[in-house]
file query.tsv (TSV, C-alpha atoms)
chain	number	residue	atom	x	y	z
L	5	MET	CA	70.48	21.14	31.05
L	6	ARG	CA	67.55	23.26	31.86
L	7	HIS	CA	67.01	23.90	28.17
L	8	ALA	CA	67.34	20.22	27.38
L	9	ARG	CA	64.81	19.33	30.10
L	10	ASN	CA	62.44	21.97	28.73
L	11	GLY	CA	62.99	20.53	25.24
L	12	ASN	CA	62.12	17.04	26.50
L	13	SER	CA	58.99	18.40	28.20
L	14	PHE	CA	58.02	20.11	25.00
L	15	ARG	CA	58.50	16.93	22.99
L	16	ARG	CA	56.60	14.94	25.64
L	17	ALA	CA	53.76	17.45	25.46
L	18	ILE	CA	53.62	17.15	21.67
L	19	VAL	CA	53.63	13.34	21.81
L	20	THR	CA	50.97	13.33	24.53
L	21	GLY	CA	48.86	15.76	22.53
L	22	ALA	CA	49.22	13.71	19.37
L	23	VAL	CA	48.27	10.51	21.20
L	24	ALA	CA	45.29	12.26	22.78
L	25	ALA	CA	44.20	13.58	19.40
L	26	ALA	CA	44.52	10.12	17.87
L	27	VAL	CA	42.46	8.61	20.70
L	28	ILE	CA	39.79	11.29	20.29
L	29	ILE	CA	39.61	10.69	16.54
L	30	ALA	CA	39.55	6.93	17.01
L	31	PHE	CA	36.71	6.99	19.55
L	32	THR	CA	34.60	9.76	18.12
L	33	PRO	CA	31.35	8.48	16.56
L	34	PRO	CA	31.94	8.32	12.80
L	35	VAL	CA	29.14	10.73	11.82
L	36	SER	CA	31.00	13.50	13.64
L	37	ALA	CA	33.49	13.44	10.81
L	38	GLN	CA	30.75	14.98	8.72
L	39	SER	CA	30.13	17.61	11.41
L	40	ALA	CA	33.80	18.48	11.23
L	41	ALA	CA	33.25	19.22	7.55
L	42	GLY	CA	31.04	22.09	8.57
L	43	SER	CA	27.55	20.65	8.18
L	44	SER	CA	24.52	20.87	10.45
L	45	ALA	CA	22.31	18.27	12.13
L	46	ILE	CA	22.17	14.92	10.38
L	47	PRO	CA	18.62	13.74	9.63
L	48	LYS	CA	17.87	10.04	10.13
L	49	LEU	CA	17.12	8.89	6.62
L	50	THR	CA	18.27	5.30	6.93
L	51	GLY	CA	15.43	2.89	6.18
L	52	ILE	CA	13.23	1.44	3.45
L	53	TRP	CA	10.81	3.90	1.91
L	54	HIS	CA	7.45	3.46	0.16
L	55	ARG	CA	5.89	6.18	-1.93
L	56	LYS	CA	2.97	8.16	-0.46
L	57	GLY	CA	2.47	10.74	-3.18
L	58	PRO	CA	3.75	14.01	-4.58
L	59	LEU	CA	5.34	16.53	-2.21
L	60	ASN	CA	2.64	18.37	-0.25
L	61	GLY	CA	-0.01	16.69	-2.44
L	62	LYS	CA	0.85	18.88	-5.38
L	63	ALA	CA	1.04	17.05	-8.73
L	64	ASN	CA	4.45	17.17	-10.43
L	65	ALA	CA	4.57	18.87	-13.81
L	66	PRO	CA	6.54	17.23	-16.65
L	67	ALA	CA	9.89	18.53	-17.88
L	68	VAL	CA	9.72	21.21	-20.59
L	69	PRO	CA	12.13	20.38	-23.43
L	70	THR	CA	13.99	22.76	-25.68
L	71	ASN	CA	13.06	22.58	-29.35
L	72	ARG	CA	16.07	20.40	-30.16
L	73	ALA	CA	15.17	17.99	-27.34
L	74	ALA	CA	11.51	17.94	-28.44
L	75	GLY	CA	12.75	17.11	-31.95
L	76	PHE	CA	14.76	14.21	-30.55
L	77	ASN	CA	11.68	12.94	-28.71
L	78	GLN	CA	9.67	13.08	-31.91
L	79	ALA	CA	12.28	11.26	-34.00
L	80	PHE	CA	13.27	8.59	-31.48
L	81	ASP	CA	11.90	5.15	-32.30
L	82	ASP	CA	10.91	3.11	-29.28
L	83	ALA	CA	12.77	0.02	-30.50
L	84	PHE	CA	16.01	1.77	-29.49
L	85	ASN	CA	14.85	2.12	-25.89
L	86	PRO	CA	17.74	0.87	-23.72
L	87	THR	CA	15.19	-0.21	-21.12
L	88	TYR	CA	14.40	-3.21	-23.35
L	89	ASP	CA	17.85	-4.51	-22.54
L	90	CYS	CA	17.45	-3.91	-18.83
L	91	SER	CA	19.74	-0.88	-18.96
L	92	PRO	CA	18.89	1.13	-15.82
L	93	THR	CA	17.00	4.41	-16.18
L	94	PRO	CA	19.07	7.40	-14.98
L	95	ILE	CA	17.90	9.81	-12.31
L	96	PRO	CA	15.63	11.78	-12.19
L	97	GLY	CA	13.44	9.30	-14.13
L	98	LEU	CA	14.58	6.49	-11.85
L	99	ILE	CA	13.26	8.26	-8.74
L	100	ASN	CA	10.10	9.44	-10.48
L	101	ASP	CA	8.92	5.90	-11.16
L	102	ASP	CA	6.73	4.20	-8.58
L	103	TYR	CA	9.20	1.89	-6.87
L	104	ASP	CA	10.55	1.81	-3.34
L	105	PHE	CA	14.14	2.24	-2.16
L	106	GLN	CA	16.47	1.85	0.79
L	107	ILE	CA	18.75	4.53	2.24
L	108	THR	CA	21.81	3.62	4.29
L	109	GLN	CA	23.77	6.45	5.92
L	110	GLN	CA	27.43	5.79	6.57
L	111	PRO	CA	30.00	8.19	8.06
L	112	ASP	CA	31.46	9.19	4.72
L	113	ARG	CA	28.74	8.24	2.21
L	114	VAL	CA	25.07	7.58	1.71
L	115	ILE	CA	23.97	4.54	-0.26
L	116	ILE	CA	20.58	4.39	-1.97
L	117	ARG	CA	19.40	1.03	-3.30
L	118	TYR	CA	16.41	1.19	-5.61
L	119	GLU	CA	13.87	-1.54	-6.20
L	120	LYS	CA	13.64	-0.36	-9.81
L	121	MET	CA	16.28	-2.12	-11.88
L	122	ASP	CA	18.31	-2.94	-8.73
L	123	VAL	CA	20.22	0.34	-9.05
L	124	VAL	CA	22.66	1.24	-6.25
L	125	ARG	CA	23.82	4.85	-5.99
L	126	THR	CA	26.66	6.06	-3.79
L	127	ILE	CA	26.58	9.65	-2.58
L	128	TRP	CA	30.04	10.70	-1.47
L	129	LEU	CA	29.81	13.07	1.49
L	130	GLU	CA	31.98	16.17	1.27
L	131	GLY	CA	34.97	16.54	3.57
L	132	HIS	CA	36.24	13.00	3.34
L	133	GLY	CA	38.76	13.32	0.55
L	134	HIS	CA	36.86	11.20	-1.93
L	135	PRO	CA	38.44	11.32	-5.38
L	136	LYS	CA	36.60	13.24	-8.06
L	137	PRO	CA	35.73	11.60	-11.38
L	138	ALA	CA	37.99	12.20	-14.35
L	139	SER	CA	36.78	14.93	-16.68
L	140	ASN	CA	35.64	12.33	-19.23
L	141	ASP	CA	34.18	9.89	-16.72
L	142	TYR	CA	30.45	9.88	-17.54
L	143	THR	CA	28.08	7.25	-16.19
L	144	THR	CA	24.35	6.43	-16.24
L	145	GLN	CA	23.71	7.69	-12.70
L	146	GLY	CA	26.49	10.28	-12.74
L	147	HIS	CA	28.77	11.25	-9.85
L	148	SER	CA	26.97	12.29	-6.66
L	149	VAL	CA	28.38	14.36	-3.81
L	150	GLY	CA	26.40	15.24	-0.70
L	151	ARG	CA	26.36	17.29	2.45
L	152	TYR	CA	24.06	17.83	5.41
L	153	GLU	CA	22.64	21.31	5.48
L	154	GLY	CA	19.84	22.66	7.62
L	155	GLY	CA	18.75	19.16	8.66
L	156	ARG	CA	18.61	18.00	5.04
L	157	LEU	CA	20.75	15.79	2.86
L	158	VAL	CA	21.69	17.82	-0.19
L	159	VAL	CA	22.94	15.80	-3.17
L	160	GLU	CA	24.42	17.24	-6.32
L	161	THR	CA	24.97	14.95	-9.28
L	162	THR	CA	26.89	15.65	-12.48
L	163	HIS	CA	28.91	13.60	-15.02
L	164	PHE	CA	25.88	11.86	-16.51
L	165	ALA	CA	26.37	9.92	-19.73
L	166	PHE	CA	24.08	10.88	-22.60
L	167	ASP	CA	20.81	8.94	-22.35
L	168	PRO	CA	17.55	9.19	-24.33
L	169	ARG	CA	15.70	8.71	-21.02
L	170	GLY	CA	17.21	11.87	-19.58
L	171	PHE	CA	14.29	13.00	-17.43
L	172	SER	CA	11.70	10.24	-17.61
L	173	ALA	CA	11.60	6.49	-18.02
L	174	ASN	CA	9.12	6.64	-20.89
L	175	ARG	CA	9.64	9.94	-22.66
L	176	TRP	CA	12.55	10.72	-24.94
L	177	VAL	CA	13.80	14.06	-23.67
L	178	PRO	CA	17.50	13.21	-23.73
L	179	GLY	CA	19.88	14.01	-20.92
L	180	SER	CA	23.17	15.51	-22.09
L	181	THR	CA	26.52	15.32	-20.32
L	182	LEU	CA	25.75	18.82	-18.99
L	183	LYS	CA	22.80	17.53	-16.98
L	184	LYS	CA	22.88	18.33	-13.28
L	185	MET	CA	20.47	17.21	-10.59
L	186	THR	CA	20.14	18.57	-7.05
L	187	GLU	CA	18.15	16.56	-4.50
L	188	ARG	CA	17.17	17.66	-1.00
L	189	TYR	CA	15.95	14.95	1.39
L	190	TRP	CA	14.57	15.52	4.83
L	191	ARG	CA	12.36	13.76	7.34
L	192	GLU	CA	9.17	14.83	9.07
L	193	GLY	CA	8.11	12.12	11.53
L	194	ASP	CA	7.73	8.90	9.57
L	195	THR	CA	7.67	10.72	6.26
L	196	LEU	CA	10.68	11.17	3.99
L	197	LYS	CA	10.45	14.16	1.68
L	198	LEU	CA	12.32	15.09	-1.46
L	199	ASP	CA	12.50	18.32	-3.37
L	200	SER	CA	14.60	18.21	-6.53
L	201	VAL	CA	15.73	20.32	-9.46
L	202	SER	CA	17.22	19.02	-12.69
L	203	GLU	CA	18.99	21.29	-15.15
L	204	ASP	CA	20.30	20.75	-18.65
L	205	PRO	CA	21.07	23.75	-20.86
L	206	ILE	CA	20.84	21.64	-24.02
L	207	SER	CA	17.64	19.71	-23.29
L	208	LEU	CA	15.53	21.76	-20.88
L	209	LYS	CA	13.88	25.10	-21.48
L	210	ARG	CA	13.85	25.73	-17.74
L	211	PRO	CA	14.85	23.78	-14.61
L	212	TYR	CA	12.66	20.75	-14.01
L	213	SER	CA	11.43	20.36	-10.44
L	214	TYR	CA	9.59	17.59	-8.73
L	215	GLY	CA	9.03	16.36	-5.20
L	216	TRP	CA	7.77	13.18	-3.58
L	217	GLU	CA	6.94	11.86	-0.13
L	218	TRP	CA	7.54	8.36	1.15
L	219	THR	CA	6.53	6.48	4.27
L	220	VAL	CA	8.42	3.80	6.21
L	221	ARG	CA	8.18	0.33	4.68
L	222	LYS	CA	8.70	-2.71	6.92
L	223	GLU	CA	9.12	-5.36	4.20
L	224	GLU	CA	12.40	-5.93	2.40
L	225	LEU	CA	12.71	-4.65	-1.16
L	226	THR	CA	11.64	-7.03	-3.90
L	227	PRO	CA	14.53	-7.90	-6.23
L	228	TYR	CA	13.95	-6.58	-9.75
L	229	ASP	CA	16.06	-9.25	-11.48
L	230	CYS	CA	15.43	-7.82	-14.93
L	231	ASP	CA	15.25	-10.50	-17.59
L	232	PRO	CA	16.55	-9.05	-20.91
L	233	GLN	CA	14.80	-11.70	-23.00
L	234	ASP	CA	11.44	-10.97	-21.40
L	235	SER	CA	12.14	-7.26	-21.50
L	236	ARG	CA	12.87	-7.23	-25.23
L	237	TRP	CA	10.05	-9.71	-26.11
L	238	GLY	CA	7.17	-7.23	-25.83
L	239	ALA	CA	8.98	-4.73	-28.09
L	240	GLN	CA	8.24	-6.86	-31.16
L	241	TRP	CA	4.63	-5.60	-31.09
L	242	HIS	CA	5.61	-1.95	-31.28
L	243	ASP	CA	5.01	-0.31	-34.62
L	244	SER	CA	7.89	1.75	-35.96
L	245	LYS	CA	7.43	5.46	-36.55
L	246	TYR	CA	9.09	4.92	-39.89
L	247	PRO	CA	8.15	3.03	-43.07
L	248	PRO	CA	9.53	-0.51	-43.34
L	249	ASP	CA	12.82	-1.05	-45.17
L	250	LYS	CA	12.60	-2.59	-48.62
X	1188	MET	CA	-18.93	22.36	-4.49
X	1189	ARG	CA	-16.94	20.35	-1.97
X	1190	ARG	CA	-17.56	17.19	-4.02
X	1191	TRP	CA	-16.35	19.00	-7.14
X	1192	PHE	CA	-13.13	20.00	-5.41
X	1193	ARG	CA	-12.64	16.45	-4.12
X	1194	THR	CA	-13.12	15.03	-7.62
X	1195	LEU	CA	-10.68	17.58	-9.03
X	1196	ALA	CA	-8.10	16.70	-6.38
X	1197	VAL	CA	-8.43	12.97	-7.07
X	1198	VAL	CA	-8.05	13.51	-10.82
X	1199	ALA	CA	-5.04	15.82	-10.31
X	1200	VAL	CA	-3.27	13.35	-8.04
X	1201	ALA	CA	-4.09	10.47	-10.38
X	1202	LEU	CA	-2.58	12.37	-13.30
X	1203	GLY	CA	0.52	13.18	-11.30
X	1204	LEU	CA	1.00	9.56	-10.33
X	1205	SER	CA	-0.08	7.85	-13.52
X	1206	ALA	CA	2.24	9.91	-15.69
X	1207	GLU	CA	5.08	7.66	-14.58
X	1208	ALA	CA	3.11	4.63	-13.46
X	1209	PHE	CA	3.95	2.42	-16.41
X	1210	ALA	CA	7.53	2.94	-17.20
X	1211	HIS	CA	8.82	-0.09	-19.01
X	1212	HIS	CA	7.06	0.11	-22.36
X	1213	SER	CA	3.96	1.35	-24.04
X	1214	THR	CA	0.94	-0.94	-24.01
X	1215	THR	CA	-0.84	0.59	-26.96
X	1216	TYR	CA	-0.79	-2.70	-28.86
X	1217	TYR	CA	-3.28	-4.29	-26.46
X	1218	SER	CA	-6.90	-3.91	-27.51
X	1219	ARG	CA	-9.08	-2.04	-25.07
X	1220	GLU	CA	-12.23	-2.82	-27.02
X	1221	GLN	CA	-14.95	-4.89	-25.42
X	1222	LYS	CA	-15.24	-7.12	-28.51
X	1223	ASP	CA	-11.64	-8.34	-28.06
X	1224	PHE	CA	-11.89	-8.96	-24.30
X	1225	VAL	CA	-11.11	-12.57	-23.35
X	1226	LYS	CA	-12.17	-14.72	-20.43
X	1227	ILE	CA	-10.69	-18.18	-20.52
X	1228	GLU	CA	-10.68	-21.20	-18.24
X	1229	GLY	CA	-7.65	-23.44	-18.12
X	1230	LYS	CA	-4.66	-24.84	-16.31
X	1231	VAL	CA	-1.58	-22.88	-15.27
X	1232	VAL	CA	1.48	-24.24	-17.08
X	1233	LYS	CA	3.96	-21.51	-16.12
X	1234	TRP	CA	4.09	-18.51	-13.76
X	1235	GLU	CA	7.05	-16.19	-14.21
X	1236	TYR	CA	7.16	-13.78	-11.27
X	1237	ARG	CA	9.74	-11.27	-12.39
X	1238	SER	CA	10.61	-7.89	-13.87
X	1239	PRO	CA	10.03	-5.90	-15.93
X	1240	HIS	CA	6.80	-7.90	-16.38
X	1241	SER	CA	5.47	-11.06	-14.83
X	1242	GLN	CA	3.97	-13.63	-17.21
X	1243	LEU	CA	1.24	-16.21	-16.69
X	1244	TYR	CA	0.83	-19.08	-19.16
X	1245	VAL	CA	-2.52	-20.87	-19.20
X	1246	GLU	CA	-3.38	-23.91	-21.28
X	1247	THR	CA	-6.94	-24.13	-22.56
X	1248	SER	CA	-8.85	-25.42	-25.58
X	1249	ASP	CA	-9.73	-23.44	-28.68
X	1250	LYS	CA	-13.13	-23.65	-30.38
X	1251	ASP	CA	-12.03	-26.82	-32.21
X	1252	GLY	CA	-11.00	-28.53	-28.99
X	1253	LYS	CA	-7.29	-28.15	-29.73
X	1254	ALA	CA	-4.97	-27.32	-26.79
X	1255	VAL	CA	-3.60	-23.77	-26.92
X	1256	THR	CA	-1.50	-21.76	-24.48
X	1257	TRP	CA	-2.30	-18.15	-23.69
X	1258	ARG	CA	0.36	-15.81	-22.35
X	1259	PHE	CA	-0.81	-13.03	-20.04
X	1260	GLU	CA	1.49	-10.13	-19.25
X	1261	THR	CA	1.20	-8.19	-16.01
X	1262	THR	CA	3.06	-5.80	-13.73
X	1263	PRO	CA	6.58	-6.34	-12.26
X	1264	ALA	CA	7.09	-8.52	-9.21
X	1265	ALA	CA	7.61	-5.47	-6.96
X	1266	TRP	CA	4.19	-4.08	-7.83
X	1267	LEU	CA	2.46	-7.48	-7.51
X	1268	ALA	CA	4.01	-7.87	-4.06
X	1269	ARG	CA	2.21	-4.71	-2.94
X	1270	GLU	CA	-1.10	-6.28	-4.00
X	1271	GLY	CA	-0.26	-9.34	-1.91
X	1272	ILE	CA	0.45	-11.46	-5.00
X	1273	THR	CA	3.62	-13.52	-4.57
X	1274	LYS	CA	5.40	-16.13	-6.63
X	1275	ASP	CA	3.61	-18.73	-4.50
X	1276	SER	CA	0.14	-17.31	-5.15
X	1277	ILE	CA	-0.10	-19.35	-8.35
X	1278	LYS	CA	1.15	-22.88	-8.86
X	1279	PHE	CA	1.65	-25.18	-11.81
X	1280	GLY	CA	-1.57	-27.07	-12.46
X	1281	ASP	CA	-3.90	-24.56	-10.77
X	1282	GLN	CA	-7.30	-24.37	-12.47
X	1283	VAL	CA	-7.99	-20.70	-13.17
X	1284	THR	CA	-10.31	-18.33	-14.99
X	1285	VAL	CA	-8.38	-15.43	-16.49
X	1286	GLU	CA	-9.69	-12.16	-17.91
X	1287	GLY	CA	-7.51	-10.07	-20.22
X	1288	PHE	CA	-7.07	-7.65	-23.07
X	1289	PRO	CA	-5.34	-9.28	-26.05
X	1290	ILE	CA	-3.42	-8.21	-29.07
X	1291	PRO	CA	-5.98	-9.02	-31.78
X	1292	GLY	CA	-5.12	-12.28	-33.53
X	1293	GLN	CA	-2.59	-13.32	-30.86
X	1294	GLN	CA	-2.81	-15.55	-27.82
X	1295	PHE	CA	-1.06	-12.84	-25.86
X	1296	ALA	CA	-2.96	-10.49	-23.57
X	1297	TRP	CA	-2.60	-7.99	-20.77
X	1298	LEU	CA	-3.77	-9.64	-17.54
X	1299	GLY	CA	-6.88	-8.25	-15.91
X	1300	LYS	CA	-7.91	-10.71	-13.22
X	1301	ILE	CA	-7.30	-14.30	-12.13
X	1302	THR	CA	-9.95	-16.31	-10.31
X	1303	LYS	CA	-8.76	-19.59	-8.84
X	1304	ALA	CA	-10.91	-22.71	-8.46
X	1305	ASP	CA	-11.45	-21.99	-4.74
X	1306	GLY	CA	-12.80	-18.52	-5.58
X	1307	THR	CA	-9.62	-16.59	-4.68
X	1308	ARG	CA	-9.31	-13.47	-6.83
X	1309	LEU	CA	-5.92	-12.10	-7.79
X	1310	LEU	CA	-6.24	-8.57	-9.07
X	1311	PRO	CA	-3.02	-6.81	-10.15
X	1312	GLN	CA	-2.83	-3.05	-10.21
X	1313	ARG	CA	-4.58	-1.41	-13.17
X	1314	SER	CA	-2.34	-0.07	-15.89
X	1315	SER	CA	-2.62	1.95	-19.07
X	1316	ALA	CA	-3.56	-1.34	-20.78
X	1317	THR	CA	-6.67	-1.74	-18.60
X	1318	PRO	CA	-9.70	-0.09	-20.23
X	1319	ASP	CA	-11.98	2.13	-18.19
X	1320	TRP	CA	-15.13	0.14	-19.08
X	1321	TRP	CA	-13.80	-2.99	-17.37
X	1322	LYS	CA	-15.10	-3.28	-13.81
X	1323	PRO	CA	-13.60	-6.31	-12.08

call {"tool": "encode", "arguments": {"input": "query.tsv", "output": "structure tokens"}}
result
Amino acid sequence: MRHARNGNSFRRAIVTGAVAAAVIIAFTPPVSAQSAAGSSAIPKLTGIWHRKGPLNGKANAPAVPTNRAAGFNQAFDDAFNPTYDCSPTPIPGLINDDYDFQITQQPDRVIIRYEKMDVVRTIWLEGHGHPKPASNDYTTQGHSVGRYEGGRLVVETTHFAFDPRGFSANRWVPGSTLKKMTERYWREGDTLKLDSVSEDPISLKRPYSYGWEWTVRKEELTPYDCDPQDSRWGAQWHDSKYPPDK
Amino acid sequence: MRRWFRTLAVVAVALGLSAEAFAHHSTTYYSREQKDFVKIEGKVVKWEYRSPHSQLYVETSDKDGKAVTWRFETTPAAWLAREGITKDSIKFGDQVTVEGFPIPGQQFAWLGKITKADGTRLLPQRSSATPDWWKP
């Protein structure tokens, strides 16, 4: 009997503990889930951001292509530019262009909505069991995972689809499926800062770095609403690099 | 010396910013020569406030008195919004004077400046299609 009573107490203790744990999990502020994943302080990045200028006022240098990527740039005829059909520019070119964006931090993800081409990126925060992309799952903006580290949001993006606008919206240094971009965002007062590095062993001679600063914007983003007909219309005036067909 | 450094800093920042400041397509087909510059007076028949480029259509008369419509291309809606130019800034039927930089032989130009009948000036952000000699 004594053993049975002790057994009941033990079971009661386990049930009580489980209920308590469930209550704690249920009532814990959601961002703590990220803390449980081993990260540090979470910077407040949520908001709409308007570009101030390059990071620390230092002009950003362009990407340096490998010879094969430079050859692609030279051969590529502008009429093939996917931008003429409103196809969104991939990062890092997307971020490098002078448009504003909105960051929304959620417990398990960060969403960035860009004014340029109405792009929406989802950054899946580590430690939440988000599924990984399939090995052949390549997309324009790639697959982004993030973590908070030293008061910064660190984002690593891979699984990019091949794109002639690999590193810039208006230069044809292509991005291969081996492209990787790392972004670090942090906040100093009302300024959002970014330091980034893009790598691509096929297209870049060395890692391509750039940084920007943005200030808080009070107005809503302006919809881009790209019109493919309008977008393609201006292309008719572009001369081809090549002789006309007979 | 200080002025020299300031000038250098301004040029450096401008280069850093302008390298990506016109991302949709090249504008090399617009003439930047003073001889091709146009300044026309007419009536707004369409104002497309959109991306990647907004378009203004203005009806005017050619040298023979025949009605012609000019199309002026300008920056995307998001950039115009920063200059305080909205879709309501221009209305159908507005009398306007428009300055621009055309494709030679076409009634199609990059938009420089709009002056409305009441004297209001609408000045979109300069782009690579805006020549340095033009001082609005």

call {"tool": "atom_distance", "arguments": {"input": "query.tsv", "atom1": "CA of Ala73 in chain L", "atom2": "CA of Tyr214 in chain L"}}
result
19.4 Å

call {"tool": "atom_distance", "arguments": {"input": "query.tsv", "atom1": "CA of Ser1314 in chain X", "atom2": "CA of Leu1298 in chain X"}}
result
9.8 Å

call {"tool": "residues_near_point", "arguments": {"input": "query.tsv", "point": "(31.0, 10.8, -7.9)", "cutoff": "8 Å", "atoms": "all atoms listed in the file", "output": "PDB file with C-alpha atoms, in the coordinates of the input"}}
result
ATOM      1  CA  THR L 126      26.660   6.060  -3.790  1.00  0.00           C
ATOM      2  CA  ILE L 127      26.580   9.650  -2.580  1.00  0.00           C
ATOM      3  CA  TRP L 128      30.040  10.700  -1.470  1.00  0.00           C
ATOM      4  CA  PRO L 135      38.440  11.320  -5.380  1.00  0.00           C
ATOM      5  CA  LYS L 136      36.600  13.240  -8.060  1.00  0.00           C
ATOM      6  CA  PRO L 137      35.730  11.600 -11.380  1.00  0.00           C
ATOM      7  CA  GLY L 146      26.490  10.280 -12.740  1.00  0.00           C
ATOM      8  CA  HIS L 147      28.770  11.250  -9.850  1.00  0.00           C
ATOM      9  CA  SER L 148      26.970  12.290  -6.660  1.00  0.00           C
ATOM     10  CA  VAL L 149      28.380  14.360  -3.810  1.00  0.00           C
ATOM     11  CA  THR L 161      24.970  14.950  -9.280  1.00  0.00           C
ATOM     12  CA  THR L 162      26.890  15.650 -12.480  1.00  0.00           C
ATOM     13  CA  HIS L 163      28.910  13.600 -15.020  1.00  0.00           C
TER      14      HIS L 163
END

call {"tool": "atom_distance", "arguments": {"input": "query.tsv", "atom1": "CA of Asp234 in chain L", "atom2": "CA of Asp1319 in chain X"}}
result
27.0 Å

call {"tool": "residues_near_point", "arguments": {"input": "query.tsv", "point": "(0.1, -16.6, -23.8)", "cutoff": "9 Å", "atoms": "all atoms listed in the file", "output": "JSON, numbers by chain"}}
result
{"X": [1242, 1243, 1244, 1245, 1246, 1255, 1256, 1257, 1258, 1259, 1260, 1293, 1294, 1295, 1296]}

call {"tool": "closest_atom_pairs", "arguments": {"input": "query.tsv", "of": "range 69-177 of chain L", "to": "range 1262-1282 of chain X", "cutoff": "12 Å", "atoms": "only C-alpha atoms", "output": "tab-separated table"}}
result
residue	atom	partner	partner_atom	distance
L:Asp101	CA	X:Trp1266	CA	11.5
L:Asp102	CA	X:Trp1266	CA	8.7
L:Tyr103	CA	X:Ala1265	CA	7.5
L:Asp104	CA	X:Ala1265	CA	8.6
L:Phe105	CA	X:Ala1265	CA	11.2
L:Tyr118	CA	X:Ala1265	CA	11.1
L:Glu119	CA	X:Ala1265	CA	7.4
L:Lys120	CA	X:Ala1265	CA	8.4
L:Met121	CA	X:Ala1265	CA	10.5
L:Asp122	CA	X:Ala1265	CA	11.1

call {"tool": "closest_residue", "arguments": {"input": "query.tsv", "among": "L:Asp204, L:Asp249, L:Asp243, L:Glu217", "to": "chain X", "atoms": "all atoms listed in the file"}}
result
L:Asp243

call {"tool": "closest_atom_pairs", "arguments": {"input": "query.tsv", "of": "chain L", "to": "chain X", "cutoff": "8 Å", "atoms": "only C-alpha atoms", "output": "tab-separated table"}}
result
residue	atom	partner	partner_atom	distance
L:Gly57	CA	X:Leu1204	CA	7.4
L:Pro58	CA	X:Gly1203	CA	7.5
L:Gly61	CA	X:Val1200	CA	7.3
L:Lys62	CA	X:Val1200	CA	7.4
L:Ala63	CA	X:Gly1203	CA	4.7
L:Asn64	CA	X:Gly1203	CA	5.7
L:Ala65	CA	X:Gly1203	CA	7.4
L:Thr87	CA	X:His1211	CA	6.7
L:Tyr88	CA	X:His1211	CA	7.7
L:Asn100	CA	X:Glu1207	CA	6.7
L:Asp101	CA	X:Glu1207	CA	5.4
L:Asp102	CA	X:Ala1208	CA	6.1
L:Tyr103	CA	X:Ala1265	CA	7.5
L:Glu119	CA	X:Ala1265	CA	7.4
L:Ser172	CA	X:Glu1207	CA	7.7
L:Ala173	CA	X:Ala1210	CA	5.5
L:Asn174	CA	X:Ala1210	CA	5.5
L:Leu225	CA	X:Ala1265	CA	7.8
L:Thr226	CA	X:Ala1265	CA	5.3
L:Pro227	CA	X:Ala1265	CA	7.4
L:Tyr228	CA	X:Ser1238	CA	5.5
L:Asp229	CA	X:Ser1238	CA	6.1
L:Cys230	CA	X:Ser1238	CA	4.9
L:Asp231	CA	X:Ser1238	CA	6.5
L:Asp234	CA	X:His1240	CA	7.5
L:Ser235	CA	X:Pro1239	CA	6.1
L:Ala239	CA	X:His1212	CA	7.7
L:Trp241	CA	X:Tyr1216	CA	6.5
L:His242	CA	X:Tyr1216	CA	6.9

call {"tool": "closest_residue", "arguments": {"input": "query.tsv", "among": "X:Gly1292, X:Gly1252, X:Gly1306, X:Gly1287", "to": "Pro1318 in chain X", "atoms": "all atoms listed in the file"}}
result
X:Gly1287

call {"tool": "axis_aligned_box", "arguments": {"input": "query.tsv", "around": "range 1278-1289 of chain X", "padding_each_side": "3 Å", "output": "AutoDock Vina command-line options"}}
result
--center_x -4.3 --center_y -17.4 --center_z -17.5 --size_x 18.0 --size_y 25.4 --size_z 23.2

call {"tool": "residues_around", "arguments": {"input": "query.tsv", "residues": "range 184-199 of chain L", "least_positions_apart": "2", "cutoff": "7 Å", "atoms": "all atoms listed in the file", "output": "list of chain:residue names"}}
result
L:Pro47, L:Leu49, L:Leu59, L:Gly155, L:Arg156, L:Leu157, L:Val158, L:Val159, L:Glu160, L:Thr161, L:Thr162, L:Leu182, L:Val201, L:Ser202, L:Glu203, L:Asp204, L:Tyr214, L:Gly215, L:Trp216, L:Glu217, L:Trp218, L:Thr219, L:Val220

call {"tool": "write_last_selection", "arguments": {"input": "query.tsv", "atoms": "C-alpha atoms", "output": "compact mmCIF listing (two decimals), keeping the file's coordinate frame"}}
result
# COMPACT_ATOMS: atom_id res chain seq x y z
CA PRO L 47 18.62 13.74 9.63
CA LEU L 49 17.12 8.89 6.62
CA LEU L 59 5.34 16.53 -2.21
CA GLY L 155 18.75 19.16 8.66
CA ARG L 156 18.61 18.00 5.04
CA LEU L 157 20.75 15.79 2.86
CA VAL L 158 21.69 17.82 -0.19
CA VAL L 159 22.94 15.80 -3.17
CA GLU L 160 24.42 17.24 -6.32
CA THR L 161 24.97 14.95 -9.28
CA THR L 162 26.89 15.65 -12.48
CA LEU L 182 25.75 18.82 -18.99
CA VAL L 201 15.73 20.32 -9.46
CA SER L 202 17.22 19.02 -12.69
CA GLU L 203 18.99 21.29 -15.15
CA ASP L 204 20.30 20.75 -18.65
CA TYR L 214 9.59 17.59 -8.73
CA GLY L 215 9.03 16.36 -5.20
CA TRP L 216 7.77 13.18 -3.58
CA GLU L 217 6.94 11.86 -0.13
CA TRP L 218 7.54 8.36 1.15
CA THR L 219 6.53 6.48 4.27
CA VAL L 220 8.42 3.80 6.21
